[in-house]
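Report on the following structure.
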Amino acid sequence: MASEKPILYSYFRSSCSWRVRIALALKGIAYDMVPVNLLKDGGQQFSAEFKAVNPMQQVPALKIDGITLSQSLAIIHYLEDTRPNPRLLPQDPKKRAEVRMIADHIASGIQPLQNLGILKLVGEKKMEWAQNCITSGFQALEQILQRTAGRYCVGDEVSMADLCLVPQVANAERYKVDMGPYPTITRINKALLELEAFKVSHPSRQPDTPAALRA
């Protein structure tokens, strides 16, 4: 393993960056953070300097062990493969598939439809658009979780699914989605936010969090 600390390119409010921050915290991996402000200067992710790090011009990106990775789930899979403790994917193949299914449901089926780039294109109806995307995704997710959940998304162990759930609920709250119809999502989210790794990685506690939004 390379001895230098990993470098995470992150934005405090980015839900995809938050997933990776939770994984790093759970696995006890110390890292340096380079903030990439998605709003300032027309979006620092569009700079030539950052484009060299991630050609997709999105956060997160992680420099680790001599490679640079983007895409939050790919990063989390790599951390899981190289630093397996604590485990974020269950050993049981069926449970493991359920974790991946829920993670993909959020990471492919909900979050991309309401991310910053899309909302910019939608324009003034962006609040309504985000609410619709999250609501339709959460209706399905609530049903799935009623079948798979224990204390957390899949059984009683924290998994990659939970790392996706908490940031997505934060997005839902930010876009004023009524969480009433989703008691299972709400209960799991509340339990996860009590865990230290979810607290230290929280958007209100990042080096680049604006003073007005600090915890």
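Here's how to read the names in the structure tokens: chain A, B, ... by the order shown, residue numbers from 1 in each chain, ligand numbers from 1 in the order shown.
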Need the shell around region 62-64 of chain A: protein/DNA/RNA residues with any atom at most 7 Å away, counting only C-alpha atoms. Skip same-chain ones fewer than 5 positions apart. Format as number ranges by chain? A: 6-9, 69-70
Excluding Ala149 (chain A) and its own-chain neighbours fewer than 5 positions away, which residues fall within 12 Å of it when counting only C-alpha atoms? Please give them as a PDB file with N, CA and C atoms, in the first residue's frame.
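Everything below was put into selection.pdb:
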```pdb
ATOM      1  N   LYS A  95     -28.222 -11.557   0.559  1.00  0.00           N
ATOM      2  CA  LYS A  95     -28.185 -10.266   1.265  1.00  0.00           C
ATOM      3  C   LYS A  95     -27.298  -9.270   0.516  1.00  0.00           C
ATOM      4  N   GLU A  98     -29.159  -7.851  -2.294  1.00  0.00           N
ATOM      5  CA  GLU A  98     -30.150  -6.875  -1.824  1.00  0.00           C
ATOM      6  C   GLU A  98     -29.489  -5.533  -1.510  1.00  0.00           C
ATOM      7  N   VAL A  99     -28.310  -5.586  -0.901  1.00  0.00           N
ATOM      8  CA  VAL A  99     -27.569  -4.348  -0.606  1.00  0.00           C
ATOM      9  C   VAL A  99     -27.241  -3.611  -1.902  1.00  0.00           C
ATOM     10  N   ILE A 102     -30.417  -2.035  -3.508  1.00  0.00           N
ATOM     11  CA  ILE A 102     -30.867  -0.795  -2.857  1.00  0.00           C
ATOM     12  C   ILE A 102     -29.907   0.354  -3.180  1.00  0.00           C
ATOM     13  N   LEU A 141     -38.746   2.334  -2.808  1.00  0.00           N
ATOM     14  CA  LEU A 141     -37.751   1.994  -1.786  1.00  0.00           C
ATOM     15  C   LEU A 141     -38.408   1.599  -0.468  1.00  0.00           C
ATOM     16  N   GLU A 142     -39.446   2.310  -0.085  1.00  0.00           N
ATOM     17  CA  GLU A 142     -40.170   1.993   1.163  1.00  0.00           C
ATOM     18  C   GLU A 142     -40.681   0.548   1.112  1.00  0.00           C
ATOM     19  N   GLN A 143     -41.231   0.184  -0.037  1.00  0.00           N
ATOM     20  CA  GLN A 143     -41.761  -1.172  -0.217  1.00  0.00           C
ATOM     21  C   GLN A 143     -40.655  -2.225  -0.117  1.00  0.00           C
ATOM     22  N   ILE A 144     -39.521  -1.950  -0.768  1.00  0.00           N
ATOM     23  CA  ILE A 144     -38.381  -2.871  -0.743  1.00  0.00           C
ATOM     24  C   ILE A 144     -37.855  -3.031   0.684  1.00  0.00           C
ATOM     25  N   VAL A 154     -30.554  -3.548   5.197  1.00  0.00           N
ATOM     26  CA  VAL A 154     -30.573  -5.003   5.013  1.00  0.00           C
ATOM     27  C   VAL A 154     -30.119  -5.632   6.323  1.00  0.00           C
ATOM     28  N   GLY A 155     -31.065  -6.142   7.064  1.00  0.00           N
ATOM     29  CA  GLY A 155     -30.731  -6.753   8.351  1.00  0.00           C
ATOM     30  C   GLY A 155     -30.228  -5.740   9.369  1.00  0.00           C
ATOM     31  N   ASP A 156     -29.331  -6.189  10.236  1.00  0.00           N
ATOM     32  CA  ASP A 156     -28.891  -5.363  11.372  1.00  0.00           C
ATOM     33  C   ASP A 156     -27.461  -4.858  11.253  1.00  0.00           C
ATOM     34  N   GLU A 157     -26.846  -5.060  10.071  1.00  0.00           N
ATOM     35  CA  GLU A 157     -25.481  -4.578   9.861  1.00  0.00           C
ATOM     36  C   GLU A 157     -25.510  -3.388   8.913  1.00  0.00           C
ATOM     37  N   VAL A 158     -24.661  -2.404   9.199  1.00  0.00           N
ATOM     38  CA  VAL A 158     -24.545  -1.260   8.285  1.00  0.00           C
ATOM     39  C   VAL A 158     -23.915  -1.752   6.980  1.00  0.00           C
ATOM     40  N   SER A 159     -24.494  -1.343   5.863  1.00  0.00           N
ATOM     41  CA  SER A 159     -23.990  -1.780   4.555  1.00  0.00           C
ATOM     42  C   SER A 159     -23.935  -0.608   3.588  1.00  0.00           C
ATOM     43  N   ALA A 161     -25.807  -0.021   1.247  1.00  0.00           N
ATOM     44  CA  ALA A 161     -27.156   0.513   1.037  1.00  0.00           C
ATOM     45  C   ALA A 161     -27.422   1.694   1.983  1.00  0.00           C
ATOM     46  N   ASP A 162     -26.987   1.543   3.236  1.00  0.00           N
ATOM     47  CA  ASP A 162     -27.198   2.606   4.231  1.00  0.00           C
ATOM     48  C   ASP A 162     -26.401   3.859   3.893  1.00  0.00           C
ATOM     49  N   PRO A 183     -42.320   5.522   6.540  1.00  0.00           N
ATOM     50  CA  PRO A 183     -41.908   5.288   7.927  1.00  0.00           C
ATOM     51  C   PRO A 183     -40.657   4.422   8.062  1.00  0.00           C
ATOM     52  N   THR A 184     -40.486   3.467   7.152  1.00  0.00           N
ATOM     53  CA  THR A 184     -39.313   2.571   7.240  1.00  0.00           C
ATOM     54  C   THR A 184     -38.039   3.344   6.893  1.00  0.00           C
ATOM     55  N   ILE A 185     -38.093   4.113   5.814  1.00  0.00           N
ATOM     56  CA  ILE A 185     -36.949   4.957   5.429  1.00  0.00           C
ATOM     57  C   ILE A 185     -36.605   5.898   6.583  1.00  0.00           C
ATOM     58  N   ARG A 187     -37.274   5.669   9.827  1.00  0.00           N
ATOM     59  CA  ARG A 187     -36.764   4.969  11.015  1.00  0.00           C
ATOM     60  C   ARG A 187     -35.295   4.572  10.830  1.00  0.00           C
ATOM     61  N   ILE A 188     -34.975   4.010   9.664  1.00  0.00           N
ATOM     62  CA  ILE A 188     -33.595   3.576   9.393  1.00  0.00           C
ATOM     63  C   ILE A 188     -32.665   4.789   9.374  1.00  0.00           C
ATOM     64  N   ASN A 189     -33.089   5.854   8.717  1.00  0.00           N
ATOM     65  CA  ASN A 189     -32.286   7.074   8.628  1.00  0.00           C
ATOM     66  C   ASN A 189     -31.948   7.610  10.014  1.00  0.00           C
TER      67      ASN A 189
END
```
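With CA of Pro86 (chain A) on one side and CA of Leu26 (chain A) on the other, the separation reads 7.0 Å.
Nearest-residue note for Ala103 (chain A): choosing from A:Met160, A:Leu145, A:Leu89, A:Val59, the minimum distance belongs to A:Met160, counting only C-alpha atoms.
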As a list in words, which residues of region 33-212 of chain A does DSSP assign to strand (DSSP E)? Met33, Val34, Pro35, Ala61, Leu62, Lys63, Ile64, Ile67, Thr68, Leu69 and Ser70 of chain A
Minimum-distance residue to Pro181 (chain A), chosen among A:Phe50, A:Asp81, A:Thr135, A:Asp32 (using only C-alpha atoms): A:Thr135
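Taking only C-alpha atoms into account, Gly43 (chain A) lies nearest to A:Gln57 out of the set A:Asn115, A:Thr68, A:Thr186, A:Gln57.
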Point out the residue among A:Arg13, A:Glu4, A:Ile76, A:Val169 with the least atom-to-atom distance to Ser204 (chain A), counting only C-alpha atoms. A:Arg13
With only C-alpha atoms as the counted atoms, please give the residues lying no more than 9 Å from Ser201 (chain A), apart from itself and same-chain residues fewer than 4 positions off, as a count of residues only. 12
DSSP on the backbone: what in region 97-148 of chain A comes out alpha helix (DSSP H), as an MDAnalysis selection string? chainID A and resid 97:109 116:122 126:148
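Restricting the calculation to only C-alpha atoms, the smallest distance between Leu163 (chain A) and any of A:Pro210, A:His202, A:Val122, A:Ile29 is found for A:His202.
Minimum distance to Ile134 (chain A) across A:Pro90, A:Gly109, A:Gly117, A:Pro55 (counting only C-alpha atoms) occurs at A:Gly109.
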Can you tell me, as number ranges by chain, what residues are no more than 10 Å from Phe46 (chain A) when counting only C-alpha atoms, ignoring any on the same chain fewer than 2 positions away? A: 36, 38, 41-44, 48-51, 54-58
Dump of N, CA and C atoms for the selected residues, as a compact mmCIF listing (two decimals), in the first residue's frame:
```txt
# COMPACT_ATOMS: atom_id res chain seq x y z
N VAL A 36 -14.16 20.95 -3.59
CA VAL A 36 -14.48 21.39 -4.95
C VAL A 36 -15.85 22.04 -4.86
N LEU A 38 -19.10 23.33 -6.07
CA LEU A 38 -19.88 23.09 -7.28
C LEU A 38 -20.63 24.33 -7.77
N ASP A 41 -17.43 30.27 -8.81
CA ASP A 41 -16.69 30.45 -10.07
C ASP A 41 -17.34 29.70 -11.23
N GLY A 42 -18.67 29.60 -11.21
CA GLY A 42 -19.36 28.85 -12.26
C GLY A 42 -19.22 27.34 -12.11
N GLY A 43 -18.69 26.90 -10.97
CA GLY A 43 -18.50 25.47 -10.70
C GLY A 43 -17.05 25.07 -10.86
N GLN A 44 -16.37 24.85 -9.71
CA GLN A 44 -14.93 24.52 -9.76
C GLN A 44 -14.68 23.14 -10.37
N ALA A 48 -9.94 23.11 -15.58
CA ALA A 48 -9.04 22.18 -16.29
C ALA A 48 -8.31 21.29 -15.29
N GLU A 49 -7.98 21.87 -14.15
CA GLU A 49 -7.24 21.15 -13.10
C GLU A 49 -8.07 19.96 -12.58
N PHE A 50 -9.37 20.20 -12.33
CA PHE A 50 -10.19 19.10 -11.82
C PHE A 50 -10.56 18.12 -12.93
N LYS A 51 -10.71 18.62 -14.14
CA LYS A 51 -11.04 17.73 -15.27
C LYS A 51 -9.94 16.67 -15.45
N ASN A 54 -10.94 14.08 -12.69
CA ASN A 54 -12.12 13.33 -13.10
C ASN A 54 -12.73 13.95 -14.36
N PRO A 55 -12.52 13.30 -15.50
CA PRO A 55 -13.04 13.82 -16.76
C PRO A 55 -14.56 14.04 -16.78
N MET A 56 -15.29 13.34 -15.88
CA MET A 56 -16.76 13.54 -15.79
C MET A 56 -17.10 14.85 -15.07
N GLN A 57 -16.10 15.49 -14.47
CA GLN A 57 -16.29 16.79 -13.80
C GLN A 57 -17.35 16.72 -12.71
N GLN A 58 -17.27 15.66 -11.92
CA GLN A 58 -18.17 15.48 -10.79
C GLN A 58 -17.36 15.07 -9.56
```
Please indicate the distance in Å from CA of Val177 (chain A) to CA of Pro35 (chain A), rounded to one decimal place. 27.9 Å
